[in-house]
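See below for protein25.txt, which holds compact mmCIF, C-alpha atoms.
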```txt
# COMPACT_ATOMS: atom_id res chain seq x y z
CA MET A 1 32.65 -174.89 -14.59
CA PRO A 2 33.55 -176.07 -11.10
CA VAL A 3 31.17 -174.79 -8.48
CA SER A 4 31.18 -174.60 -4.74
CA ASP A 5 29.17 -173.09 -1.97
CA PRO A 6 29.94 -169.33 -2.21
CA SER A 7 29.74 -169.12 1.56
CA ALA A 8 32.54 -171.67 1.98
CA ARG A 9 35.39 -170.11 3.93
CA PRO A 10 39.08 -170.63 3.18
CA THR A 11 41.22 -171.66 6.12
CA PRO A 12 41.73 -168.51 8.25
CA LEU A 13 45.25 -167.09 8.20
CA PRO A 14 47.00 -165.17 10.97
CA GLY A 15 47.23 -161.43 10.54
CA ARG A 16 49.84 -160.04 8.18
CA ARG A 17 51.39 -156.66 8.83
CA ALA A 18 50.77 -154.21 6.01
CA HIS A 19 53.90 -153.45 4.00
CA ALA A 20 55.31 -149.91 3.88
CA VAL A 21 53.99 -149.46 0.31
CA ASP A 22 50.55 -150.71 1.41
CA ARG A 23 50.57 -148.19 4.25
CA ALA A 24 51.63 -145.44 1.85
CA PHE A 25 48.59 -146.04 -0.37
CA LEU A 26 46.30 -146.31 2.65
CA GLY A 27 47.68 -142.98 3.87
CA MET A 28 47.14 -141.32 0.50
CA GLU A 29 43.56 -142.60 0.48
CA ARG A 30 42.90 -141.03 3.87
CA ARG A 31 44.36 -137.71 2.74
CA HIS A 32 42.59 -137.73 -0.64
CA PRO A 33 39.30 -139.64 -0.29
CA ASP A 34 38.04 -138.13 -3.55
CA VAL A 35 40.80 -139.84 -5.59
CA ARG A 36 40.31 -143.33 -7.03
CA TRP A 37 43.24 -145.54 -6.05
CA ASP A 38 42.16 -148.66 -7.94
CA ALA A 39 43.69 -150.60 -10.82
CA GLY A 40 42.93 -153.97 -12.42
CA GLY A 41 42.32 -155.70 -15.70
CA VAL A 42 39.70 -157.02 -18.12
CA ALA A 43 39.62 -160.54 -19.56
CA TYR A 44 37.69 -161.00 -22.82
CA LEU A 45 36.18 -164.45 -23.35
CA SER A 46 34.45 -166.37 -26.14
CA GLY A 47 31.47 -168.55 -25.34
CA PRO A 48 28.11 -168.13 -23.57
CA PRO A 49 28.43 -166.13 -20.36
CA PRO A 50 27.78 -167.79 -17.01
CA SER A 51 24.98 -166.63 -14.79
CA LEU A 52 25.86 -164.28 -11.96
CA ALA A 53 25.12 -167.04 -9.44
CA ASP A 54 27.47 -169.44 -11.23
CA LEU A 55 30.25 -166.84 -11.42
CA ARG A 56 29.89 -166.15 -7.71
CA ALA A 57 30.13 -169.86 -7.00
CA TYR A 58 33.18 -170.13 -9.25
CA VAL A 59 34.95 -167.21 -7.54
CA GLY A 60 34.08 -168.67 -4.12
CA PHE A 61 35.62 -171.97 -5.18
CA ARG A 62 38.81 -170.29 -6.44
CA LEU A 63 39.24 -168.29 -3.24
CA GLY A 64 40.48 -171.49 -1.63
CA ALA A 65 43.76 -170.78 -3.46
CA LEU A 66 43.59 -167.05 -2.70
CA PRO A 67 42.78 -166.81 1.00
CA LEU A 68 44.33 -163.36 1.42
CA LEU A 69 41.60 -161.91 -0.80
CA THR A 70 39.24 -162.47 2.12
CA SER A 71 41.22 -160.06 4.33
CA ARG A 72 40.42 -156.62 5.64
CA VAL A 73 42.69 -153.99 7.14
CA GLU A 74 42.57 -153.30 10.87
CA GLY A 75 44.77 -151.59 13.42
CA GLY A 76 44.39 -147.93 12.44
CA ALA A 77 46.87 -145.71 10.66
CA ARG A 78 49.88 -146.57 12.82
CA ARG A 79 49.80 -150.37 12.83
CA PRO A 80 47.56 -151.58 10.01
CA ARG A 81 47.36 -155.34 9.54
CA TRP A 82 45.58 -157.56 7.05
CA LEU A 83 43.32 -159.88 9.05
CA PRO A 84 40.72 -162.46 7.98
CA ASP A 85 37.38 -160.74 7.44
CA PRO A 86 34.71 -162.60 9.42
CA ASP A 87 31.99 -160.79 7.45
CA PHE A 88 33.38 -161.66 4.02
CA THR A 89 30.82 -162.70 1.39
CA VAL A 90 31.35 -163.35 -2.30
CA ASP A 91 28.11 -161.56 -3.20
CA ARG A 92 29.51 -158.18 -2.10
CA HIS A 93 32.50 -158.66 -4.43
CA VAL A 94 31.05 -160.17 -7.63
CA HIS A 95 28.60 -158.13 -9.72
CA GLU A 96 26.97 -158.03 -13.15
CA VAL A 97 26.54 -155.42 -15.89
CA VAL A 98 24.21 -156.29 -18.79
CA ALA A 99 24.66 -154.40 -22.06
CA ASP A 100 21.61 -153.17 -23.91
CA GLY A 101 22.38 -155.06 -27.13
CA PRO A 102 25.40 -154.59 -29.41
CA ALA A 103 25.25 -150.81 -29.17
CA GLY A 104 25.40 -150.98 -25.37
CA TRP A 105 28.76 -152.71 -25.05
CA ASP A 106 30.81 -149.55 -24.55
CA ALA A 107 28.48 -148.19 -21.89
CA ALA A 108 28.42 -151.53 -20.04
CA LEU A 109 32.21 -151.85 -20.07
CA HIS A 110 32.73 -148.37 -18.70
CA THR A 111 30.03 -148.86 -16.09
CA ALA A 112 32.18 -151.71 -14.74
CA LEU A 113 35.30 -149.51 -14.92
CA ASP A 114 33.69 -146.71 -12.95
CA ALA A 115 31.49 -148.64 -10.50
CA PRO A 116 32.37 -148.00 -6.83
CA PHE A 117 33.44 -150.85 -4.61
CA ALA A 118 30.87 -152.15 -2.16
CA PRO A 119 31.33 -150.64 1.33
CA GLY A 120 34.10 -152.40 3.24
CA THR A 121 35.53 -154.20 0.20
CA TYR A 122 38.92 -153.76 -1.46
CA TRP A 123 38.29 -155.52 -4.77
CA GLY A 124 35.48 -156.46 -7.11
CA VAL A 125 34.65 -158.59 -10.15
CA TRP A 126 32.14 -157.51 -12.79
CA LEU A 127 30.60 -159.87 -15.35
CA ILE A 128 29.87 -157.86 -18.53
CA HIS A 129 27.64 -159.38 -21.21
CA GLY A 130 24.53 -158.87 -23.31
CA HIS A 131 26.03 -157.32 -26.44
CA VAL A 132 26.33 -160.62 -28.37
CA PRO A 133 25.38 -164.20 -27.41
CA ASP A 134 28.85 -165.81 -27.42
CA GLU A 135 31.17 -163.17 -25.99
CA TYR A 136 31.57 -161.60 -22.60
CA ALA A 137 34.17 -160.01 -20.34
CA VAL A 138 35.22 -160.23 -16.72
CA CYS A 139 36.57 -157.06 -15.12
CA TYR A 140 38.69 -157.36 -11.97
CA ARG A 141 39.54 -154.20 -10.02
CA PHE A 142 41.42 -153.81 -6.75
CA HIS A 143 42.45 -151.07 -4.38
CA HIS A 144 46.14 -150.37 -4.84
CA ALA A 145 46.79 -150.68 -1.11
CA CYS A 146 45.97 -154.39 -1.47
CA GLN A 147 47.86 -155.39 -4.57
CA ASP A 148 50.33 -154.24 -7.16
CA GLY A 149 50.35 -155.41 -10.77
CA SER A 150 52.43 -158.52 -10.12
CA ALA A 151 50.13 -159.68 -7.32
CA ALA A 152 47.09 -159.00 -9.50
CA ALA A 153 48.60 -161.04 -12.34
CA LEU A 154 49.02 -163.94 -9.93
CA THR A 155 45.36 -163.53 -8.98
CA PHE A 156 44.41 -163.66 -12.67
CA ARG A 157 46.35 -166.89 -13.15
CA ALA A 158 44.70 -168.43 -10.10
CA MET A 159 41.24 -167.45 -11.36
CA LEU A 160 41.49 -167.85 -15.14
CA GLY A 161 45.03 -168.61 -16.23
CA GLU A 162 46.68 -171.64 -17.71
CA GLY A 163 50.38 -172.05 -18.37
CA GLU A 164 53.27 -170.14 -16.90
CA PRO A 165 54.00 -166.43 -17.24
CA SER A 166 57.23 -165.12 -18.69
CA ALA A 167 60.11 -165.27 -16.22
CA ARG A 168 60.76 -162.03 -14.38
CA PRO A 169 64.32 -161.00 -13.50
CA VAL A 170 65.07 -161.14 -9.78
CA PRO A 171 68.34 -160.43 -8.01
CA LYS A 172 70.39 -163.30 -6.71
CA LYS A 173 70.41 -163.94 -2.98
CA GLY A 174 72.38 -161.12 -1.38
CA ARG A 175 75.47 -161.70 0.72
CA LEU A 176 76.20 -159.89 3.96
CA THR A 177 79.73 -159.15 2.77
CA GLY A 178 78.27 -156.96 0.05
CA LEU A 179 75.95 -155.07 2.39
CA PRO A 180 77.88 -151.74 2.50
CA ARG A 181 78.02 -151.62 -1.28
CA ARG A 182 74.32 -152.46 -1.51
CA VAL A 183 73.47 -149.65 0.92
CA GLY A 184 75.53 -147.22 -1.10
CA THR A 185 73.89 -148.28 -4.36
CA ALA A 186 70.39 -147.98 -2.88
CA VAL A 187 71.08 -144.50 -1.49
CA GLY A 188 72.63 -143.39 -4.78
CA LEU A 189 69.66 -144.70 -6.74
CA THR A 190 67.16 -142.84 -4.57
CA THR A 191 69.20 -139.64 -4.66
CA MET A 192 69.43 -139.76 -8.44
CA PHE A 193 65.70 -140.14 -8.99
CA LEU A 194 64.78 -137.58 -6.35
CA ALA A 195 67.18 -135.10 -7.92
CA GLY A 196 65.56 -135.76 -11.28
CA SER A 197 62.17 -134.93 -9.80
CA LEU A 198 63.17 -131.41 -8.77
CA PRO A 199 61.88 -128.53 -10.91
CA VAL A 200 64.29 -127.34 -13.59
CA ARG A 201 64.07 -123.78 -14.85
CA GLY A 202 63.03 -123.59 -18.48
CA ARG A 203 61.66 -127.14 -18.65
CA SER A 204 57.90 -127.27 -18.82
CA ARG A 205 55.70 -130.33 -18.51
CA ALA A 206 52.71 -131.67 -20.36
CA ALA A 207 49.59 -129.86 -19.25
CA ALA A 208 46.23 -131.57 -18.73
CA PRO A 209 44.28 -130.44 -21.82
CA VAL A 210 40.84 -130.12 -20.21
CA ALA A 211 39.15 -130.43 -16.85
CA PRO A 212 38.64 -134.10 -15.91
CA THR A 213 35.15 -135.57 -15.77
CA GLY A 214 35.93 -138.45 -13.39
CA GLU A 215 34.77 -141.02 -15.97
CA ARG A 216 37.40 -143.41 -17.30
CA ARG A 217 37.69 -144.79 -20.82
CA LEU A 218 39.59 -147.83 -22.06
CA TRP A 219 41.14 -148.22 -25.51
CA ARG A 220 43.04 -151.32 -26.67
CA GLY A 221 45.66 -152.21 -29.24
CA ARG A 222 47.70 -155.34 -29.93
CA VAL A 223 50.65 -156.57 -31.93
CA PRO A 224 52.25 -160.02 -32.11
CA ALA A 225 54.65 -160.36 -29.18
CA ASP A 226 57.34 -161.36 -31.68
CA ALA A 227 57.08 -157.88 -33.22
CA LEU A 228 58.40 -156.38 -29.99
CA ARG A 229 61.05 -159.06 -29.64
CA ARG A 230 62.29 -158.58 -33.21
CA ALA A 231 62.54 -154.83 -32.69
CA ALA A 232 64.47 -155.52 -29.48
CA ALA A 233 67.11 -157.36 -31.51
CA HIS A 234 68.83 -153.97 -31.82
CA GLY A 235 69.48 -154.24 -28.10
CA GLY A 236 67.58 -153.66 -24.91
CA SER A 237 64.30 -155.37 -24.16
CA ALA A 238 60.77 -155.67 -25.49
CA HIS A 239 59.73 -153.19 -22.81
CA ASP A 240 62.25 -150.69 -24.18
CA VAL A 241 60.61 -151.11 -27.59
CA HIS A 242 57.21 -150.50 -26.02
CA LEU A 243 58.38 -147.27 -24.37
CA ALA A 244 60.05 -146.03 -27.57
CA ALA A 245 56.85 -146.77 -29.51
CA LEU A 246 54.84 -144.99 -26.80
CA ALA A 247 57.01 -141.90 -27.27
CA GLY A 248 56.42 -142.02 -31.03
CA ALA A 249 52.69 -142.47 -30.53
CA LEU A 250 52.59 -139.49 -28.17
CA SER A 251 54.41 -137.31 -30.70
CA ALA A 252 51.84 -138.18 -33.37
CA TRP A 253 48.94 -137.81 -30.92
CA SER A 254 50.17 -134.37 -29.87
CA ALA A 255 50.18 -133.21 -33.49
CA ARG A 256 46.64 -134.52 -34.12
CA SER A 257 45.05 -133.45 -30.85
CA GLY A 258 46.73 -130.08 -30.58
CA VAL A 259 47.91 -130.85 -27.03
CA PRO A 260 51.50 -129.59 -26.63
CA LEU A 261 53.92 -132.05 -25.06
CA PRO A 262 57.14 -130.20 -24.28
CA ARG A 263 58.21 -132.95 -21.90
CA VAL A 264 56.63 -136.29 -20.93
CA ARG A 265 57.90 -138.34 -18.03
CA ALA A 266 56.57 -141.84 -17.46
CA LEU A 267 56.31 -143.52 -14.06
CA LEU A 268 57.44 -147.15 -14.26
CA PRO A 269 56.38 -149.58 -11.50
CA VAL A 270 59.12 -152.15 -10.88
CA ASP A 271 58.42 -155.49 -9.18
CA ALA A 272 60.81 -155.83 -6.21
CA ARG A 273 59.68 -159.20 -4.87
CA ARG A 274 62.26 -161.66 -3.68
CA PRO A 275 62.07 -165.19 -5.11
CA ASN A 276 60.20 -166.42 -2.02
CA GLU A 277 57.54 -163.69 -2.18
CA GLU A 278 55.15 -165.06 -4.82
CA GLN A 279 52.04 -164.10 -2.85
CA THR A 280 48.85 -162.66 -4.28
CA TRP A 281 48.44 -159.81 -1.81
CA GLY A 282 50.23 -156.61 -0.94
CA ASN A 283 52.65 -154.27 -2.71
CA ARG A 284 56.33 -154.91 -3.37
CA CYS A 285 56.84 -152.37 -6.12
CA PHE A 286 59.02 -149.32 -6.59
CA ALA A 287 58.22 -146.36 -8.84
CA LEU A 288 60.90 -145.05 -11.21
CA PRO A 289 60.56 -141.96 -13.43
CA LEU A 290 61.74 -142.11 -17.04
CA GLU A 291 61.65 -139.25 -19.51
CA LEU A 292 60.12 -140.41 -22.79
CA PRO A 293 61.87 -139.21 -25.98
CA VAL A 294 58.78 -137.51 -27.40
CA ARG A 295 60.88 -134.49 -28.34
CA LEU A 296 64.49 -134.95 -29.42
CA PRO A 297 66.69 -132.53 -31.35
CA VAL A 298 67.02 -133.54 -35.00
CA GLN A 299 70.58 -134.57 -35.87
CA ARG A 300 71.63 -133.44 -39.34
CA PRO A 301 74.91 -133.99 -41.16
CA ALA A 302 77.13 -130.93 -41.44
CA ARG A 303 76.84 -128.65 -44.49
CA THR A 304 73.38 -129.81 -45.44
CA ALA A 305 70.39 -127.66 -46.21
CA PRO A 306 67.91 -127.17 -43.39
CA ALA A 307 65.03 -129.61 -43.24
CA ARG A 308 61.85 -128.52 -44.91
CA GLY A 309 59.24 -126.93 -42.71
CA ASN A 310 59.74 -124.95 -39.54
CA GLY A 311 62.57 -127.01 -38.03
CA SER A 312 60.21 -128.94 -35.75
CA LEU A 313 61.76 -131.40 -33.32
CA ASP A 314 59.14 -134.04 -34.20
CA ALA A 315 61.02 -135.63 -37.12
CA VAL A 316 62.84 -138.14 -34.94
CA SER A 317 63.90 -141.58 -36.09
CA PRO A 318 62.11 -144.40 -34.23
CA LEU A 319 65.51 -146.05 -33.83
CA ARG A 320 66.88 -142.94 -32.13
CA ARG A 321 63.97 -143.07 -29.71
CA LEU A 322 64.79 -146.69 -28.91
CA GLU A 323 68.46 -145.87 -28.36
CA HIS A 324 67.47 -143.03 -26.02
CA VAL A 325 65.23 -145.34 -23.97
CA MET A 326 67.90 -148.05 -23.87
CA ALA A 327 70.47 -145.59 -22.57
CA SER A 328 68.08 -144.65 -19.75
CA THR A 329 67.14 -148.21 -18.76
CA ARG A 330 70.49 -149.95 -19.21
CA ARG A 331 71.49 -149.67 -15.55
CA LEU A 332 68.03 -150.67 -14.39
CA ARG A 333 68.44 -154.02 -16.15
CA GLY A 334 71.63 -154.74 -14.21
CA GLU A 335 71.65 -156.98 -11.16
CA ALA A 336 73.16 -154.33 -8.85
CA TRP A 337 70.33 -151.86 -9.46
CA ARG A 338 67.66 -154.53 -9.19
CA GLN A 339 69.14 -155.54 -5.85
CA ALA A 340 69.13 -151.86 -4.79
CA ILE A 341 65.45 -151.50 -5.69
CA GLN A 342 64.64 -154.66 -3.76
CA ASP A 343 66.55 -153.36 -0.72
CA LEU A 344 64.74 -150.02 -0.85
CA VAL A 345 61.32 -151.65 -0.93
CA ARG A 346 62.25 -154.04 1.84
CA TYR A 347 63.92 -151.66 4.29
CA MET A 348 62.75 -148.10 3.61
CA PRO A 349 60.74 -146.74 6.60
CA ASP A 350 57.11 -145.72 6.29
CA ARG A 351 57.43 -141.95 6.09
CA PRO A 352 60.16 -141.83 3.42
CA THR A 353 58.26 -144.47 1.43
CA GLU A 354 55.03 -142.47 1.43
CA TRP A 355 56.86 -139.22 0.72
CA TYR A 356 58.67 -140.79 -2.23
CA LEU A 357 55.48 -142.29 -3.71
CA ARG A 358 53.55 -139.04 -3.30
CA ARG A 359 56.40 -137.25 -5.03
CA MET A 360 56.57 -139.65 -7.95
CA LEU A 361 52.80 -139.82 -8.42
CA SER A 362 52.51 -136.04 -8.51
CA PRO A 363 51.63 -134.62 -11.95
CA ARG A 364 54.30 -132.00 -11.31
CA VAL A 365 56.87 -134.81 -11.63
CA THR A 366 55.35 -137.49 -13.89
CA ASP A 367 52.74 -137.37 -16.65
CA VAL A 368 51.96 -140.99 -17.58
CA MET A 369 51.73 -144.25 -15.63
CA ALA A 370 53.35 -146.98 -17.77
CA THR A 371 53.24 -150.56 -16.53
CA SER A 372 53.77 -153.94 -18.17
CA MET A 373 53.04 -157.46 -17.04
CA PRO A 374 53.24 -161.03 -18.38
CA ILE A 375 49.84 -162.59 -17.77
CA ALA A 376 49.67 -166.22 -18.95
CA ASP A 377 50.02 -168.46 -21.98
CA LYS A 378 46.26 -169.02 -22.11
CA GLY A 379 43.18 -168.86 -19.93
CA SER A 380 39.68 -170.17 -19.53
CA LEU A 381 36.56 -170.05 -17.42
CA GLY A 382 34.68 -173.32 -17.71
CA ASP A 383 34.21 -173.95 -21.45
CA SER A 384 34.94 -170.31 -22.34
CA ARG A 385 38.37 -169.34 -23.61
CA VAL A 386 40.14 -166.09 -22.81
CA THR A 387 40.78 -164.35 -26.13
CA GLY A 388 42.50 -161.21 -24.85
CA VAL A 389 43.31 -159.13 -21.80
CA ALA A 390 43.64 -155.44 -21.00
CA LEU A 391 45.43 -153.98 -18.00
CA LEU A 392 43.77 -151.15 -16.09
CA PRO A 393 46.68 -149.14 -14.68
CA LEU A 394 46.24 -146.60 -11.93
CA LEU A 395 44.97 -143.33 -13.39
CA VAL A 396 46.61 -140.59 -11.34
CA PRO A 397 44.76 -137.23 -11.21
CA GLY A 398 46.58 -134.79 -13.46
CA HIS A 399 48.25 -137.51 -15.55
CA LEU A 400 47.43 -137.68 -19.25
CA PHE A 401 46.64 -141.40 -19.04
CA GLY A 402 47.81 -144.76 -17.75
CA VAL A 403 49.11 -147.32 -20.24
CA GLY A 404 49.50 -151.03 -19.62
CA LEU A 405 51.34 -153.57 -21.74
CA SER A 406 50.33 -157.19 -21.14
CA TYR A 407 51.67 -160.38 -22.66
CA PHE A 408 49.01 -163.03 -23.20
CA GLY A 409 49.64 -166.02 -25.42
CA GLU A 410 51.27 -164.85 -28.64
CA TRP A 411 50.10 -161.26 -28.28
CA ALA A 412 51.41 -158.09 -26.74
CA GLU A 413 48.34 -156.06 -25.84
CA THR A 414 48.38 -152.41 -24.92
CA SER A 415 45.61 -150.61 -23.06
CA PHE A 416 45.20 -146.89 -22.50
CA VAL A 417 43.06 -145.72 -19.58
CA ALA A 418 42.25 -142.01 -19.52
CA ASP A 419 39.60 -139.58 -18.44
CA ARG A 420 36.75 -139.27 -20.92
CA ALA A 421 37.75 -135.64 -21.53
CA LEU A 422 41.14 -136.54 -23.07
CA PRO A 423 40.89 -135.36 -26.71
CA HIS A 424 41.33 -138.08 -29.33
CA GLY A 425 42.40 -140.65 -26.76
CA GLU A 426 40.94 -143.37 -28.98
CA LEU A 427 43.80 -142.76 -31.46
CA LEU A 428 46.53 -143.81 -29.03
CA PRO A 429 46.41 -147.63 -29.52
CA GLU A 430 46.53 -147.37 -33.31
CA LEU A 431 49.37 -144.85 -33.15
CA TRP A 432 51.27 -147.17 -30.81
CA GLU A 433 50.78 -150.11 -33.19
CA GLN A 434 52.06 -148.00 -36.08
CA ALA A 435 55.08 -146.90 -34.04
CA VAL A 436 55.96 -150.53 -33.23
CA GLY A 437 55.78 -151.38 -36.95
CA GLU A 438 57.96 -148.42 -37.92
CA LEU A 439 60.53 -149.31 -35.30
CA GLY A 440 60.61 -152.93 -36.42
CA GLY A 441 61.12 -151.81 -40.02
CA GLU A 442 64.08 -149.62 -39.09
CA VAL A 443 65.71 -152.36 -37.03
CA GLU A 444 65.38 -154.87 -39.89
CA THR A 445 66.83 -152.52 -42.48
CA GLY A 446 69.40 -151.00 -40.14
CA SER A 447 68.41 -147.50 -41.31
CA ALA A 448 68.12 -144.53 -39.03
CA PRO A 449 67.00 -141.48 -41.02
CA MET A 450 67.75 -138.14 -39.43
```
Could you quickly redo this structure as structure tokens?
Amino acid sequence: MPVSDPSARPTPLPGRRAHAVDRAFLGMERRHPDVRWDAGGVAYLSGPPPSLADLRAYVGFRLGALPLLTSRVEGGARRPRWLPDPDFTVDRHVHEVVADGPAGWDAALHTALDAPFAPGTYWGVWLIHGHVPDEYAVCYRFHHACQDGSAAALTFRAMLGEGEPSARPVPKKGRLTGLPRRVGTAVGLTTMFLAGSLPVRGRSRAAAPVAPTGERRLWRGRVPADALRRAAAHGGSAHDVHLAALAGALSAWSARSGVPLPRVRALLPVDARRPNEEQTWGNRCFALPLELPVRLPVQRPARTAPARGNGSLDAVSPLRRLEHVMASTRRLRGEAWRQAIQDLVRYMPDRPTEWYLRRMLSPRVTDVMATSMPIADKGSLGDSRVTGVALLPLLVPGHLFGVGLSYFGEWAETSFVADRALPHGELLPELWEQAVGELGGEVETGSAPM
């Protein structure tokens, strides 16, 4: 692998003012220092692992293309800025966890997931190995004030990626003549989602089943990316298919775990970068709530006998779940709403931004963080090949879990991050895979049983 002096410094950059979303996360950290505001991802590789010294040299070499990762925040709460960190060292950011043989893999992985950042740092890399000779993993975690998922994916491609990610939809360049309409759309969008976050009498939410332990667990599943695309042939997008399958998996998980789910609302991060904002630092995301169709009333033809059993609302067609999700996301796929989201992220003042994010992250409003991200066609580190990836979405206190869908090569990989106390959390990836298969079968046959 290419090596360089880990102490080599990228060219210093002038200070960059923290974005309103950055400042919102920094403010939430100050108010809730006991909460973990980090996210990230894990890359799984085949081949002999590098030494810790070699990995540090490799990361130091790659930082030449990622100079903002050597920043630190200064300026206090009112005027925070990202400035070059004169005390930056690679050694404080790159670490190692050695598994105690094959049986120690799980413990080593979750040690990397739960390890604190070194004092004064905002991100870290953990080399995880020791379970078998020719496999290892690299875990990258970052404070959410520094990056959102899109910026982190760009960091992955700079460090390990090869090939181009899937194209992301961005609004066309706005015109000043359309500014009044854009303002009206942005205000209407915010009002609609804020109204949807208000308590409604008679509608209860999913309750955290047990007291959290503070220890995170990661479970993975995968299906061919074409399976999502084929199921999306009914309409909508592959992400719609993912959300419909997630709703089906949650319905099955609720029945097996005994955790009641009267209502589940997902929080969807949306990338609001403009075409000229392909940087690897900072947040340009907006959070949108979406109610998952875990429970839907069963539609039955007239003059038919009641369904067997107790009339449960669980017997819902996967295709009906997809249609429900598509109806909810249809406007979000339109150019006008994407432009409105971009305008909100660009122009919303600090206090409304932080208030909105606190509201949407609250477990009284949302229950699950659900993010998705194209990663790369392929990846490598020296002679080692990346065989799979797992996103590590933000795990909000009081949420059931965070779920991330990543596209890497020919695979769509799902990862569930939850507190260790979540009952039967290990079932979620398999249930999601099954739900994708069931949905694809219904789309191919055109059947929609009631």
**Asked** If we count only C-alpha atoms, what is near stretch 412-421 of chain A at a cut-off of 9 Å, once residues fewer than 6 positions away on the same chain are taken out, given as a ChimeraX atom specification?
**Response** /A:209-228,372,388-395,399-406,428-429,432-433
**Message:** With distances taken over only C-alpha atoms, which residue among A:Leu83, A:Ala158, A:Val97, A:Ala244 lies nearest A:Gly437?
**Reply:** A:Ala244
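Closest to A:Trp123 among A:Thr371, A:Thr111, A:Ser46, A:Thr70 is A:Thr70, based on all atoms listed in the file.
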Within 12 Å of A:Ala435, counting only C-alpha atoms, which residues qualify if same-chain residues fewer than 5 places away don't, as a PDB file with C-alpha atoms, keeping the file's coordinate frame?
```
ATOM      1  CA  GLY A 221      45.660-152.210 -29.240  1.00  0.00           C
ATOM      2  CA  ARG A 222      47.700-155.340 -29.930  1.00  0.00           C
ATOM      3  CA  VAL A 223      50.650-156.570 -31.930  1.00  0.00           C
ATOM      4  CA  ALA A 227      57.080-157.880 -33.220  1.00  0.00           C
ATOM      5  CA  LEU A 228      58.400-156.380 -29.990  1.00  0.00           C
ATOM      6  CA  ALA A 231      62.540-154.830 -32.690  1.00  0.00           C
ATOM      7  CA  VAL A 241      60.610-151.110 -27.590  1.00  0.00           C
ATOM      8  CA  HIS A 242      57.210-150.500 -26.020  1.00  0.00           C
ATOM      9  CA  LEU A 243      58.380-147.270 -24.370  1.00  0.00           C
ATOM     10  CA  ALA A 244      60.050-146.030 -27.570  1.00  0.00           C
ATOM     11  CA  ALA A 245      56.850-146.770 -29.510  1.00  0.00           C
ATOM     12  CA  LEU A 246      54.840-144.990 -26.800  1.00  0.00           C
ATOM     13  CA  ALA A 247      57.010-141.900 -27.270  1.00  0.00           C
ATOM     14  CA  GLY A 248      56.420-142.020 -31.030  1.00  0.00           C
ATOM     15  CA  ALA A 249      52.690-142.470 -30.530  1.00  0.00           C
ATOM     16  CA  LEU A 250      52.590-139.490 -28.170  1.00  0.00           C
ATOM     17  CA  SER A 251      54.410-137.310 -30.700  1.00  0.00           C
ATOM     18  CA  ALA A 252      51.840-138.180 -33.370  1.00  0.00           C
ATOM     19  CA  TRP A 253      48.940-137.810 -30.920  1.00  0.00           C
ATOM     20  CA  VAL A 316      62.840-138.140 -34.940  1.00  0.00           C
ATOM     21  CA  SER A 317      63.900-141.580 -36.090  1.00  0.00           C
ATOM     22  CA  PRO A 318      62.110-144.400 -34.230  1.00  0.00           C
ATOM     23  CA  LEU A 319      65.510-146.050 -33.830  1.00  0.00           C
ATOM     24  CA  ARG A 321      63.970-143.070 -29.710  1.00  0.00           C
ATOM     25  CA  LEU A 322      64.790-146.690 -28.910  1.00  0.00           C
ATOM     26  CA  LEU A 428      46.530-143.810 -29.030  1.00  0.00           C
ATOM     27  CA  PRO A 429      46.410-147.630 -29.520  1.00  0.00           C
ATOM     28  CA  GLU A 430      46.530-147.370 -33.310  1.00  0.00           C
ATOM     29  CA  GLY A 440      60.610-152.930 -36.420  1.00  0.00           C
ATOM     30  CA  GLY A 441      61.120-151.810 -40.020  1.00  0.00           C
ATOM     31  CA  GLU A 442      64.080-149.620 -39.090  1.00  0.00           C
TER      32      GLU A 442
END
```
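Between atom CA of A:Thr280 and atom CA of A:Leu332 there is a distance of 24.8 Å.
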**Minimum-distance residue to A:Gly75, chosen among A:Val132, A:Ala18, A:Ile341, A:Ala24 (using only C-alpha atoms)** =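 Among the listed residues, the smallest separation from A:Gly75 belongs to A:Ala18.
Atom to atom, atom CA of A:Arg230 and atom CA of A:Leu160 stand 29.1 Å apart.
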**Prompt:** How far is it from atom CA of A:Trp281 to atom CA of A:Met369, in Å with one decimal?
**Reply:** 21.1 Å
**Item:** From A:Leu63, A:Cys146, A:Ala107, A:Leu69, residue lying nearest A:Ala39 [only C-alpha atoms]
**Value:**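 Once distances to A:Ala39 are computed over only C-alpha atoms, the minimum belongs to A:Cys146.
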**Item:** Within 9 Å of A:Ser150 using all atoms listed in the file, minus same-chain residues under 4 positions, as JSON, numbers by chain
**Value:** {"A": [154, 155, 271, 273, 278, 280, 283, 284, 285, 373, 374]}
